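Engineer: Have a look at this one before I ask anything.
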Amino acid sequence: MSRHWLPLLCLRLGLGLVFLWIGFDMIRSPNNWIGFLPPALPFNISQDLALKLSSFLDIILGALIILGPFRKITSALASLHLISIIIFNGLDAVIIRDVGLLGASLALFFWPTSKHSRKTWF
(Lines give C-alpha, C1' and ligand atoms only; values in the text may rest on other atoms or scores of the structure.)
Protein backbone atom coordinates (compact mmCIF):
# COMPACT_ATOMS: atom_id res chain seq x y z
CA MET A 1 0.00 0.00 0.00
CA SER A 2 1.34 3.45 -0.89
CA ARG A 3 2.45 5.64 1.97
CA HIS A 4 0.17 8.39 0.65
CA TRP A 5 -3.10 6.47 0.82
CA LEU A 6 -4.35 8.24 3.97
CA PRO A 7 -3.84 11.84 2.72
CA LEU A 8 -5.46 10.85 -0.57
CA LEU A 9 -8.41 9.29 1.23
CA CYS A 10 -8.83 12.39 3.43
CA LEU A 11 -8.69 14.65 0.37
CA ARG A 12 -11.26 12.57 -1.50
CA LEU A 13 -13.62 12.27 1.46
CA GLY A 14 -13.40 15.95 2.36
CA LEU A 15 -13.87 17.25 -1.17
CA GLY A 16 -16.50 14.66 -2.08
CA LEU A 17 -18.58 15.34 1.03
CA VAL A 18 -18.59 19.07 0.29
CA PHE A 19 -19.88 18.45 -3.23
CA LEU A 20 -22.52 16.02 -1.93
CA TRP A 21 -23.62 18.40 0.83
CA ILE A 22 -23.99 21.34 -1.54
CA GLY A 23 -25.78 19.26 -4.17
CA PHE A 24 -28.35 17.91 -1.73
CA ASP A 25 -28.76 21.31 -0.07
CA MET A 26 -29.53 22.88 -3.47
CA ILE A 27 -32.35 20.38 -3.90
CA ARG A 28 -33.61 20.78 -0.31
CA SER A 29 -33.33 24.60 -0.10
CA PRO A 30 -33.19 26.06 -3.62
CA ASN A 31 -34.08 29.56 -2.39
CA ASN A 32 -30.80 29.69 -0.47
CA TRP A 33 -28.84 29.07 -3.68
CA ILE A 34 -30.78 30.70 -6.52
CA GLY A 35 -29.24 34.10 -5.77
CA PHE A 36 -25.77 32.80 -6.61
CA LEU A 37 -26.79 32.23 -10.23
CA PRO A 38 -26.54 35.10 -12.71
CA PRO A 39 -29.97 36.23 -13.97
CA ALA A 40 -28.96 35.79 -17.63
CA LEU A 41 -27.62 32.34 -18.44
CA PRO A 42 -26.37 30.92 -21.76
CA PHE A 43 -28.82 29.17 -24.07
CA ASN A 44 -31.77 30.86 -22.29
CA ILE A 45 -31.61 28.32 -19.46
CA SER A 46 -33.80 29.33 -16.54
CA GLN A 47 -32.23 29.80 -13.11
CA ASP A 48 -34.35 26.96 -11.73
CA LEU A 49 -33.14 24.51 -14.37
CA ALA A 50 -29.54 25.66 -13.96
CA LEU A 51 -29.78 25.14 -10.21
CA LYS A 52 -31.18 21.62 -10.66
CA LEU A 53 -28.47 20.74 -13.18
CA SER A 54 -25.79 22.13 -10.90
CA SER A 55 -27.13 20.20 -7.92
CA PHE A 56 -27.12 16.92 -9.85
CA LEU A 57 -23.63 17.64 -11.17
CA ASP A 58 -22.41 18.32 -7.62
CA ILE A 59 -23.95 15.08 -6.34
CA ILE A 60 -22.45 13.01 -9.16
CA LEU A 61 -19.03 14.64 -8.75
CA GLY A 62 -19.12 14.16 -4.98
CA ALA A 63 -20.00 10.49 -5.25
CA LEU A 64 -17.36 9.83 -7.91
CA ILE A 65 -14.69 11.70 -5.95
CA ILE A 66 -15.40 9.61 -2.85
CA LEU A 67 -15.68 6.30 -4.68
CA GLY A 68 -12.56 6.98 -6.73
CA PRO A 69 -13.19 5.74 -10.26
CA PHE A 70 -12.01 8.02 -13.06
CA ARG A 71 -10.17 10.23 -10.55
CA LYS A 72 -8.42 12.36 -13.17
CA ILE A 73 -11.57 12.97 -15.22
CA THR A 74 -13.75 13.59 -12.17
CA SER A 75 -11.31 16.02 -10.56
CA ALA A 76 -10.86 17.83 -13.89
CA LEU A 77 -14.65 18.23 -14.21
CA ALA A 78 -14.87 19.41 -10.60
CA SER A 79 -12.12 21.95 -11.30
CA LEU A 80 -13.88 23.23 -14.42
CA HIS A 81 -17.17 23.47 -12.52
CA LEU A 82 -15.51 25.50 -9.75
CA ILE A 83 -13.69 27.73 -12.25
CA SER A 84 -17.00 28.49 -13.97
CA ILE A 85 -18.57 29.39 -10.61
CA ILE A 86 -15.68 31.74 -9.83
CA ILE A 87 -15.81 33.36 -13.28
CA PHE A 88 -19.59 33.87 -13.31
CA ASN A 89 -19.78 35.15 -9.72
CA GLY A 90 -16.45 36.91 -9.25
CA LEU A 91 -14.59 36.81 -5.96
CA ASP A 92 -16.33 37.84 -2.77
CA ALA A 93 -16.48 36.67 0.84
CA VAL A 94 -18.53 33.57 -0.10
CA ILE A 95 -17.03 32.59 -3.44
CA ILE A 96 -13.47 32.72 -2.07
CA ARG A 97 -14.25 29.35 -0.46
CA ASP A 98 -14.55 27.91 -3.95
CA VAL A 99 -10.92 28.87 -4.54
CA GLY A 100 -9.97 26.49 -1.71
CA LEU A 101 -12.17 23.77 -3.19
CA LEU A 102 -10.57 24.42 -6.58
CA GLY A 103 -7.16 23.93 -4.98
CA ALA A 104 -8.30 20.62 -3.50
CA SER A 105 -9.74 19.40 -6.81
CA LEU A 106 -6.54 20.39 -8.63
CA ALA A 107 -4.47 18.58 -5.98
CA LEU A 108 -6.60 15.49 -6.61
CA PHE A 109 -6.09 15.87 -10.36
CA PHE A 110 -2.31 16.18 -10.05
CA TRP A 111 -1.99 13.47 -7.37
CA PRO A 112 0.54 10.92 -8.61
CA THR A 113 -0.84 7.60 -9.71
CA SER A 114 1.03 4.43 -8.87
CA LYS A 115 0.44 0.97 -10.23
CA HIS A 116 -0.69 -0.22 -6.82
CA SER A 117 -3.23 2.59 -6.29
CA ARG A 118 -5.11 1.48 -9.40
CA LYS A 119 -5.80 -1.90 -7.80
CA THR A 120 -7.43 -0.71 -4.58
CA TRP A 121 -10.10 1.69 -3.38
CA PHE A 122 -7.31 3.82 -1.91
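Chain labels run A, B, ... following the order of the C-alpha coordinates; each chain numbers its residues from 1, and ligands are numbered from 1 in the order shown.
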Listing only residues of region 17-82 of chain A within 6 Å of region 90-106 of chain A, what is the closest atom pair and its distance in Å (to one decimal) for each, using only C-alpha atoms, sorted by chain and residue number ascending, as a tab-separated table?

Structural biologist:
```
residue	atom	partner	partner_atom	distance
A:Ser75	CA	A:Ser105	CA	5.3
A:Ser79	CA	A:Leu102	CA	5.5
A:Leu82	CA	A:Leu102	CA	6.0
```

Engineer: Can you list, as a CSV table (one decimal) with N, CA and C atoms, in the first residue's frame, every protein, DNA or RNA residue that comes within 9 Å of Phe24 (chain A) when you count only C-alpha atoms, leaving out same-chain residues fewer than 2 positions away?

Structural biologist:
```csv
chain,number,residue,atom,x,y,z
A,19,PHE,N,-19.1,18.5,-2.0
A,19,PHE,CA,-19.9,18.4,-3.2
A,19,PHE,C,-21.2,17.8,-3.0
A,20,LEU,N,-21.2,16.7,-2.2
A,20,LEU,CA,-22.5,16.0,-1.9
A,20,LEU,C,-23.4,16.9,-1.1
A,21,TRP,N,-22.8,17.5,-0.1
A,21,TRP,CA,-23.6,18.4,0.8
A,21,TRP,C,-24.3,19.5,0.0
A,22,ILE,N,-23.5,20.2,-0.8
A,22,ILE,CA,-24.0,21.3,-1.5
A,22,ILE,C,-25.0,20.9,-2.5
A,26,MET,N,-28.9,22.2,-2.4
A,26,MET,CA,-29.5,22.9,-3.5
A,26,MET,C,-30.9,22.3,-3.8
A,27,ILE,N,-31.1,21.0,-3.7
A,27,ILE,CA,-32.3,20.4,-3.9
A,27,ILE,C,-33.3,20.7,-2.7
A,28,ARG,N,-32.8,20.6,-1.5
A,28,ARG,CA,-33.6,20.8,-0.3
A,28,ARG,C,-34.0,22.2,-0.1
A,29,SER,N,-33.1,23.2,-0.4
A,29,SER,CA,-33.3,24.6,-0.1
A,29,SER,C,-32.9,25.4,-1.3
A,55,SER,N,-27.0,21.1,-9.1
A,55,SER,CA,-27.1,20.2,-7.9
A,55,SER,C,-26.9,18.7,-8.3
A,56,PHE,N,-27.4,18.3,-9.4
A,56,PHE,CA,-27.1,16.9,-9.8
A,56,PHE,C,-25.7,16.7,-10.2
A,58,ASP,N,-23.1,18.4,-8.9
A,58,ASP,CA,-22.4,18.3,-7.6
A,58,ASP,C,-22.6,17.0,-6.9
A,59,ILE,N,-23.7,16.4,-7.0
A,59,ILE,CA,-24.0,15.1,-6.3
A,59,ILE,C,-23.1,14.0,-7.1
```

Engineer: Name the residues of chain A that come out as alpha helix (DSSP H) in a backbone DSSP run; write them as a PDB file with N, CA and C atoms, in the first residue's frame.

Structural biologist:
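The file below, part.pdb, is the result:
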```pdb
ATOM      1  N   TRP A   5      -1.695   6.846   0.950  1.00  0.00           N
ATOM      2  CA  TRP A   5      -3.098   6.467   0.819  1.00  0.00           C
ATOM      3  C   TRP A   5      -3.992   7.239   1.788  1.00  0.00           C
ATOM      4  N   LEU A   6      -3.509   7.539   2.991  1.00  0.00           N
ATOM      5  CA  LEU A   6      -4.345   8.238   3.966  1.00  0.00           C
ATOM      6  C   LEU A   6      -4.582   9.700   3.577  1.00  0.00           C
ATOM      7  N   PRO A   7      -3.560  10.473   3.166  1.00  0.00           N
ATOM      8  CA  PRO A   7      -3.843  11.836   2.717  1.00  0.00           C
ATOM      9  C   PRO A   7      -4.775  11.867   1.502  1.00  0.00           C
ATOM     10  N   LEU A   8      -4.595  10.914   0.597  1.00  0.00           N
ATOM     11  CA  LEU A   8      -5.464  10.849  -0.572  1.00  0.00           C
ATOM     12  C   LEU A   8      -6.894  10.547  -0.157  1.00  0.00           C
ATOM     13  N   LEU A   9      -7.074   9.619   0.756  1.00  0.00           N
ATOM     14  CA  LEU A   9      -8.409   9.287   1.235  1.00  0.00           C
ATOM     15  C   LEU A   9      -9.055  10.490   1.917  1.00  0.00           C
ATOM     16  N   CYS A  10      -8.302  11.197   2.755  1.00  0.00           N
ATOM     17  CA  CYS A  10      -8.834  12.393   3.430  1.00  0.00           C
ATOM     18  C   CYS A  10      -9.225  13.466   2.420  1.00  0.00           C
ATOM     19  N   LEU A  11      -8.396  13.660   1.415  1.00  0.00           N
ATOM     20  CA  LEU A  11      -8.692  14.650   0.374  1.00  0.00           C
ATOM     21  C   LEU A  11      -9.962  14.276  -0.377  1.00  0.00           C
ATOM     22  N   ARG A  12     -10.072  13.016  -0.769  1.00  0.00           N
ATOM     23  CA  ARG A  12     -11.256  12.571  -1.504  1.00  0.00           C
ATOM     24  C   ARG A  12     -12.512  12.656  -0.665  1.00  0.00           C
ATOM     25  N   LEU A  13     -12.439  12.210   0.596  1.00  0.00           N
ATOM     26  CA  LEU A  13     -13.621  12.268   1.462  1.00  0.00           C
ATOM     27  C   LEU A  13     -14.042  13.711   1.737  1.00  0.00           C
ATOM     28  N   GLY A  14     -13.071  14.560   2.061  1.00  0.00           N
ATOM     29  CA  GLY A  14     -13.397  15.950   2.358  1.00  0.00           C
ATOM     30  C   GLY A  14     -14.009  16.669   1.168  1.00  0.00           C
ATOM     31  N   LEU A  15     -13.372  16.573   0.020  1.00  0.00           N
ATOM     32  CA  LEU A  15     -13.872  17.249  -1.174  1.00  0.00           C
ATOM     33  C   LEU A  15     -15.190  16.643  -1.638  1.00  0.00           C
ATOM     34  N   GLY A  16     -15.271  15.325  -1.632  1.00  0.00           N
ATOM     35  CA  GLY A  16     -16.500  14.659  -2.076  1.00  0.00           C
ATOM     36  C   GLY A  16     -17.690  14.986  -1.195  1.00  0.00           C
ATOM     37  N   LEU A  17     -17.479  15.016   0.111  1.00  0.00           N
ATOM     38  CA  LEU A  17     -18.578  15.339   1.029  1.00  0.00           C
ATOM     39  C   LEU A  17     -19.071  16.769   0.844  1.00  0.00           C
ATOM     40  N   VAL A  18     -18.165  17.693   0.551  1.00  0.00           N
ATOM     41  CA  VAL A  18     -18.588  19.074   0.289  1.00  0.00           C
ATOM     42  C   VAL A  18     -19.477  19.131  -0.950  1.00  0.00           C
ATOM     43  N   PHE A  19     -19.055  18.465  -2.023  1.00  0.00           N
ATOM     44  CA  PHE A  19     -19.878  18.446  -3.233  1.00  0.00           C
ATOM     45  C   PHE A  19     -21.234  17.793  -2.968  1.00  0.00           C
ATOM     46  N   LEU A  20     -21.244  16.677  -2.246  1.00  0.00           N
ATOM     47  CA  LEU A  20     -22.522  16.023  -1.931  1.00  0.00           C
ATOM     48  C   LEU A  20     -23.414  16.921  -1.085  1.00  0.00           C
ATOM     49  N   TRP A  21     -22.847  17.535  -0.062  1.00  0.00           N
ATOM     50  CA  TRP A  21     -23.623  18.400   0.833  1.00  0.00           C
ATOM     51  C   TRP A  21     -24.269  19.537   0.041  1.00  0.00           C
ATOM     52  N   ILE A  22     -23.468  20.211  -0.773  1.00  0.00           N
ATOM     53  CA  ILE A  22     -23.986  21.340  -1.543  1.00  0.00           C
ATOM     54  C   ILE A  22     -25.047  20.870  -2.533  1.00  0.00           C
ATOM     55  N   GLY A  23     -24.807  19.764  -3.212  1.00  0.00           N
ATOM     56  CA  GLY A  23     -25.782  19.256  -4.175  1.00  0.00           C
ATOM     57  C   GLY A  23     -27.120  18.938  -3.533  1.00  0.00           C
ATOM     58  N   PHE A  24     -27.092  18.237  -2.412  1.00  0.00           N
ATOM     59  CA  PHE A  24     -28.354  17.907  -1.735  1.00  0.00           C
ATOM     60  C   PHE A  24     -28.998  19.137  -1.122  1.00  0.00           C
ATOM     61  N   ASP A  25     -28.197  20.086  -0.643  1.00  0.00           N
ATOM     62  CA  ASP A  25     -28.762  21.306  -0.071  1.00  0.00           C
ATOM     63  C   ASP A  25     -29.427  22.162  -1.149  1.00  0.00           C
ATOM     64  N   MET A  26     -28.892  22.151  -2.370  1.00  0.00           N
ATOM     65  CA  MET A  26     -29.528  22.880  -3.467  1.00  0.00           C
ATOM     66  C   MET A  26     -30.912  22.316  -3.774  1.00  0.00           C
ATOM     67  N   ILE A  27     -31.055  21.014  -3.653  1.00  0.00           N
ATOM     68  CA  ILE A  27     -32.350  20.380  -3.899  1.00  0.00           C
ATOM     69  C   ILE A  27     -33.305  20.677  -2.740  1.00  0.00           C
ATOM     70  N   ARG A  28     -32.785  20.588  -1.509  1.00  0.00           N
ATOM     71  CA  ARG A  28     -33.606  20.783  -0.315  1.00  0.00           C
ATOM     72  C   ARG A  28     -33.998  22.244  -0.109  1.00  0.00           C
ATOM     73  N   GLN A  47     -33.014  29.969 -14.336  1.00  0.00           N
ATOM     74  CA  GLN A  47     -32.230  29.804 -13.114  1.00  0.00           C
ATOM     75  C   GLN A  47     -32.625  28.522 -12.390  1.00  0.00           C
ATOM     76  N   ASP A  48     -33.906  28.192 -12.397  1.00  0.00           N
ATOM     77  CA  ASP A  48     -34.354  26.959 -11.731  1.00  0.00           C
ATOM     78  C   ASP A  48     -33.729  25.720 -12.362  1.00  0.00           C
ATOM     79  N   LEU A  49     -33.732  25.658 -13.686  1.00  0.00           N
ATOM     80  CA  LEU A  49     -33.139  24.508 -14.371  1.00  0.00           C
ATOM     81  C   LEU A  49     -31.634  24.466 -14.138  1.00  0.00           C
ATOM     82  N   ALA A  50     -30.982  25.613 -14.201  1.00  0.00           N
ATOM     83  CA  ALA A  50     -29.536  25.658 -13.963  1.00  0.00           C
ATOM     84  C   ALA A  50     -29.197  25.195 -12.551  1.00  0.00           C
ATOM     85  N   LEU A  51     -30.013  25.566 -11.585  1.00  0.00           N
ATOM     86  CA  LEU A  51     -29.775  25.140 -10.207  1.00  0.00           C
ATOM     87  C   LEU A  51     -29.947  23.629 -10.067  1.00  0.00           C
ATOM     88  N   LYS A  52     -30.971  23.076 -10.710  1.00  0.00           N
ATOM     89  CA  LYS A  52     -31.175  21.623 -10.660  1.00  0.00           C
ATOM     90  C   LYS A  52     -30.023  20.879 -11.332  1.00  0.00           C
ATOM     91  N   LEU A  53     -29.597  21.374 -12.491  1.00  0.00           N
ATOM     92  CA  LEU A  53     -28.474  20.737 -13.182  1.00  0.00           C
ATOM     93  C   LEU A  53     -27.197  20.818 -12.348  1.00  0.00           C
ATOM     94  N   SER A  54     -26.974  21.971 -11.740  1.00  0.00           N
ATOM     95  CA  SER A  54     -25.794  22.134 -10.902  1.00  0.00           C
ATOM     96  C   SER A  54     -25.842  21.220  -9.683  1.00  0.00           C
ATOM     97  N   SER A  55     -27.020  21.068  -9.093  1.00  0.00           N
ATOM     98  CA  SER A  55     -27.129  20.195  -7.918  1.00  0.00           C
ATOM     99  C   SER A  55     -26.858  18.740  -8.291  1.00  0.00           C
ATOM    100  N   PHE A  56     -27.373  18.296  -9.424  1.00  0.00           N
ATOM    101  CA  PHE A  56     -27.121  16.918  -9.845  1.00  0.00           C
ATOM    102  C   PHE A  56     -25.652  16.721 -10.220  1.00  0.00           C
ATOM    103  N   LEU A  57     -25.051  17.724 -10.851  1.00  0.00           N
ATOM    104  CA  LEU A  57     -23.627  17.635 -11.168  1.00  0.00           C
ATOM    105  C   LEU A  57     -22.804  17.543  -9.885  1.00  0.00           C
ATOM    106  N   ASP A  58     -23.139  18.362  -8.897  1.00  0.00           N
ATOM    107  CA  ASP A  58     -22.412  18.319  -7.620  1.00  0.00           C
ATOM    108  C   ASP A  58     -22.552  16.958  -6.944  1.00  0.00           C
ATOM    109  N   ILE A  59     -23.731  16.384  -6.967  1.00  0.00           N
ATOM    110  CA  ILE A  59     -23.951  15.076  -6.343  1.00  0.00           C
ATOM    111  C   ILE A  59     -23.149  13.993  -7.067  1.00  0.00           C
ATOM    112  N   ILE A  60     -23.193  14.014  -8.376  1.00  0.00           N
ATOM    113  CA  ILE A  60     -22.448  13.014  -9.157  1.00  0.00           C
ATOM    114  C   ILE A  60     -20.950  13.169  -8.927  1.00  0.00           C
ATOM    115  N   LEU A  61     -20.460  14.416  -8.982  1.00  0.00           N
ATOM    116  CA  LEU A  61     -19.030  14.639  -8.752  1.00  0.00           C
ATOM    117  C   LEU A  61     -18.626  14.203  -7.347  1.00  0.00           C
ATOM    118  N   GLY A  62     -19.434  14.546  -6.354  1.00  0.00           N
ATOM    119  CA  GLY A  62     -19.120  14.163  -4.978  1.00  0.00           C
ATOM    120  C   GLY A  62     -19.033  12.659  -4.811  1.00  0.00           C
ATOM    121  N   ALA A  63     -20.008  11.955  -5.366  1.00  0.00           N
ATOM    122  CA  ALA A  63     -20.001  10.490  -5.253  1.00  0.00           C
ATOM    123  C   ALA A  63     -18.793   9.882  -5.962  1.00  0.00           C
ATOM    124  N   LEU A  64     -18.490  10.372  -7.161  1.00  0.00           N
ATOM    125  CA  LEU A  64     -17.355   9.825  -7.906  1.00  0.00           C
ATOM    126  C   LEU A  64     -16.019  10.161  -7.241  1.00  0.00           C
ATOM    127  N   ILE A  65     -15.922  11.344  -6.651  1.00  0.00           N
ATOM    128  CA  ILE A  65     -14.687  11.701  -5.955  1.00  0.00           C
ATOM    129  C   ILE A  65     -14.468  10.778  -4.760  1.00  0.00           C
ATOM    130  N   ILE A  66     -15.523  10.499  -4.021  1.00  0.00           N
ATOM    131  CA  ILE A  66     -15.397   9.613  -2.854  1.00  0.00           C
ATOM    132  C   ILE A  66     -15.104   8.178  -3.281  1.00  0.00           C
ATOM    133  N   LEU A  67     -15.838   7.690  -4.267  1.00  0.00           N
ATOM    134  CA  LEU A  67     -15.676   6.297  -4.681  1.00  0.00           C
ATOM    135  C   LEU A  67     -14.374   6.057  -5.438  1.00  0.00           C
ATOM    136  N   ARG A  71     -10.593   9.113 -11.405  1.00  0.00           N
ATOM    137  CA  ARG A  71     -10.169  10.225 -10.545  1.00  0.00           C
ATOM    138  C   ARG A  71      -9.722  11.435 -11.344  1.00  0.00           C
ATOM    139  N   LYS A  72      -8.933  11.242 -12.375  1.00  0.00           N
ATOM    140  CA  LYS A  72      -8.424  12.361 -13.172  1.00  0.00           C
ATOM    141  C   LYS A  72      -9.566  13.090 -13.875  1.00  0.00           C
ATOM    142  N   ILE A  73     -10.456  12.355 -14.499  1.00  0.00           N
ATOM    143  CA  ILE A  73     -11.573  12.972 -15.224  1.00  0.00           C
ATOM    144  C   ILE A  73     -12.507  13.682 -14.247  1.00  0.00           C
ATOM    145  N   THR A  74     -12.838  13.019 -13.148  1.00  0.00           N
ATOM    146  CA  THR A  74     -13.750  13.593 -12.171  1.00  0.00           C
ATOM    147  C   THR A  74     -13.175  14.859 -11.550  1.00  0.00           C
ATOM    148  N   SER A  75     -11.913  14.826 -11.167  1.00  0.00           N
ATOM    149  CA  SER A  75     -11.309  16.018 -10.559  1.00  0.00           C
ATOM    150  C   SER A  75     -11.154  17.142 -11.585  1.00  0.00           C
ATOM    151  N   ALA A  76     -10.922  16.798 -12.847  1.00  0.00           N
ATOM    152  CA  ALA A  76     -10.862  17.829 -13.894  1.00  0.00           C
ATOM    153  C   ALA A  76     -12.231  18.476 -14.074  1.00  0.00           C
ATOM    154  N   LEU A  77     -13.294  17.679 -14.093  1.00  0.00           N
ATOM    155  CA  LEU A  77     -14.650  18.234 -14.212  1.00  0.00           C
ATOM    156  C   LEU A  77     -15.009  19.085 -12.990  1.00  0.00           C
ATOM    157  N   ALA A  78     -14.615  18.627 -11.811  1.00  0.00           N
ATOM    158  CA  ALA A  78     -14.870  19.412 -10.599  1.00  0.00           C
ATOM    159  C   ALA A  78     -14.135  20.745 -10.677  1.00  0.00           C
ATOM    160  N   SER A  79     -12.899  20.721 -11.156  1.00  0.00           N
ATOM    161  CA  SER A  79     -12.121  21.955 -11.299  1.00  0.00           C
ATOM    162  C   SER A  79     -12.771  22.909 -12.291  1.00  0.00           C
ATOM    163  N   LEU A  80     -13.205  22.387 -13.423  1.00  0.00           N
ATOM    164  CA  LEU A  80     -13.879  23.229 -14.424  1.00  0.00           C
ATOM    165  C   LEU A  80     -15.177  23.810 -13.876  1.00  0.00           C
ATOM    166  N   HIS A  81     -15.923  23.012 -13.137  1.00  0.00           N
ATOM    167  CA  HIS A  81     -17.171  23.469 -12.518  1.00  0.00           C
ATOM    168  C   HIS A  81     -16.879  24.621 -11.547  1.00  0.00           C
ATOM    169  N   LEU A  82     -15.859  24.455 -10.716  1.00  0.00           N
ATOM    170  CA  LEU A  82     -15.512  25.499  -9.752  1.00  0.00           C
ATOM    171  C   LEU A  82     -14.969  26.749 -10.449  1.00  0.00           C
ATOM    172  N   ILE A  83     -14.185  26.580 -11.491  1.00  0.00           N
ATOM    173  CA  ILE A  83     -13.686  27.732 -12.253  1.00  0.00           C
ATOM    174  C   ILE A  83     -14.851  28.512 -12.851  1.00  0.00           C
ATOM    175  N   SER A  84     -15.843  27.798 -13.391  1.00  0.00           N
ATOM    176  CA  SER A  84     -17.005  28.494 -13.966  1.00  0.00           C
ATOM    177  C   SER A  84     -17.783  29.252 -12.888  1.00  0.00           C
ATOM    178  N   ILE A  85     -17.896  28.696 -11.707  1.00  0.00           N
ATOM    179  CA  ILE A  85     -18.569  29.391 -10.605  1.00  0.00           C
ATOM    180  C   ILE A  85     -17.811  30.668 -10.257  1.00  0.00           C
ATOM    181  N   ILE A  86     -16.502  30.578 -10.171  1.00  0.00           N
ATOM    182  CA  ILE A  86     -15.677  31.740  -9.827  1.00  0.00           C
ATOM    183  C   ILE A  86     -15.776  32.806 -10.914  1.00  0.00           C
ATOM    184  N   ILE A  87     -15.740  32.400 -12.176  1.00  0.00           N
ATOM    185  CA  ILE A  87     -15.815  33.359 -13.283  1.00  0.00           C
ATOM    186  C   ILE A  87     -17.173  34.050 -13.318  1.00  0.00           C
ATOM    187  N   PHE A  88     -18.247  33.284 -13.201  1.00  0.00           N
ATOM    188  CA  PHE A  88     -19.585  33.870 -13.307  1.00  0.00           C
ATOM    189  C   PHE A  88     -19.949  34.735 -12.103  1.00  0.00           C
ATOM    190  N   ASN A  89     -19.393  34.421 -10.928  1.00  0.00           N
ATOM    191  CA  ASN A  89     -19.776  35.154  -9.725  1.00  0.00           C
ATOM    192  C   ASN A  89     -18.734  36.163  -9.268  1.00  0.00           C
ATOM    193  N   ILE A  96     -14.883  33.007  -2.336  1.00  0.00           N
ATOM    194  CA  ILE A  96     -13.472  32.721  -2.073  1.00  0.00           C
ATOM    195  C   ILE A  96     -13.290  31.295  -1.545  1.00  0.00           C
ATOM    196  N   ARG A  97     -14.314  30.748  -0.915  1.00  0.00           N
ATOM    197  CA  ARG A  97     -14.251  29.348  -0.457  1.00  0.00           C
ATOM    198  C   ARG A  97     -14.081  28.401  -1.636  1.00  0.00           C
ATOM    199  N   ASP A  98     -14.663  28.755  -2.765  1.00  0.00           N
ATOM    200  CA  ASP A  98     -14.546  27.910  -3.949  1.00  0.00           C
ATOM    201  C   ASP A  98     -13.117  27.867  -4.466  1.00  0.00           C
ATOM    202  N   VAL A  99     -12.323  28.891  -4.166  1.00  0.00           N
ATOM    203  CA  VAL A  99     -10.917  28.872  -4.539  1.00  0.00           C
ATOM    204  C   VAL A  99     -10.207  27.746  -3.776  1.00  0.00           C
ATOM    205  N   GLY A 100     -10.540  27.587  -2.499  1.00  0.00           N
ATOM    206  CA  GLY A 100      -9.968  26.488  -1.714  1.00  0.00           C
ATOM    207  C   GLY A 100     -10.408  25.137  -2.243  1.00  0.00           C
ATOM    208  N   LEU A 101     -11.683  25.022  -2.606  1.00  0.00           N
ATOM    209  CA  LEU A 101     -12.167  23.768  -3.189  1.00  0.00           C
ATOM    210  C   LEU A 101     -11.496  23.502  -4.539  1.00  0.00           C
ATOM    211  N   LEU A 102     -11.273  24.567  -5.298  1.00  0.00           N
ATOM    212  CA  LEU A 102     -10.568  24.421  -6.578  1.00  0.00           C
ATOM    213  C   LEU A 102      -9.157  23.898  -6.336  1.00  0.00           C
ATOM    214  N   GLY A 103      -8.487  24.429  -5.319  1.00  0.00           N
ATOM    215  CA  GLY A 103      -7.156  23.931  -4.984  1.00  0.00           C
ATOM    216  C   GLY A 103      -7.171  22.456  -4.628  1.00  0.00           C
ATOM    217  N   ALA A 104      -8.184  22.036  -3.877  1.00  0.00           N
ATOM    218  CA  ALA A 104      -8.297  20.623  -3.500  1.00  0.00           C
ATOM    219  C   ALA A 104      -8.571  19.752  -4.728  1.00  0.00           C
ATOM    220  N   SER A 105      -9.440  20.217  -5.618  1.00  0.00           N
ATOM    221  CA  SER A 105      -9.735  19.402  -6.808  1.00  0.00           C
ATOM    222  C   SER A 105      -8.528  19.339  -7.746  1.00  0.00           C
ATOM    223  N   LEU A 106      -7.754  20.431  -7.820  1.00  0.00           N
ATOM    224  CA  LEU A 106      -6.539  20.391  -8.629  1.00  0.00           C
ATOM    225  C   LEU A 106      -5.483  19.478  -8.000  1.00  0.00           C
ATOM    226  N   ALA A 107      -5.396  19.493  -6.666  1.00  0.00           N
ATOM    227  CA  ALA A 107      -4.473  18.577  -5.983  1.00  0.00           C
ATOM    228  C   ALA A 107      -4.843  17.133  -6.281  1.00  0.00           C
ATOM    229  N   LEU A 108      -6.142  16.839  -6.292  1.00  0.00           N
ATOM    230  CA  LEU A 108      -6.603  15.491  -6.608  1.00  0.00           C
ATOM    231  C   LEU A 108      -6.277  15.143  -8.058  1.00  0.00           C
ATOM    232  N   PHE A 109      -6.408  16.113  -8.948  1.00  0.00           N
ATOM    233  CA  PHE A 109      -6.088  15.871 -10.361  1.00  0.00           C
ATOM    234  C   PHE A 109      -4.603  15.568 -10.550  1.00  0.00           C
ATOM    235  N   PHE A 110      -3.753  16.338  -9.874  1.00  0.00           N
ATOM    236  CA  PHE A 110      -2.309  16.179 -10.049  1.00  0.00           C
ATOM    237  C   PHE A 110      -1.693  15.143  -9.112  1.00  0.00           C
TER     238      PHE A 110
END
```

Engineer: Between CA of Arg3 (chain A) and CA of Phe70 (chain A), what is the distance, to one decimal in Å?

Structural biologist: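 Going from CA of Arg3 (chain A) over to CA of Phe70 (chain A), I get 21.0 Å.
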
Engineer: Just to confirm, what's the straight-line distance from CA of Trp111 (chain A) to CA of His4 (chain A) in Å (one decimal)?

Structural biologist: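 Taking CA of Trp111 (chain A) and CA of His4 (chain A), their separation equals 9.7 Å.
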
Engineer: Using Å and a single decimal, report how far CA of Ser46 (chain A) sits from CA of Asn31 (chain A).

Structural biologist: 14.1 Å
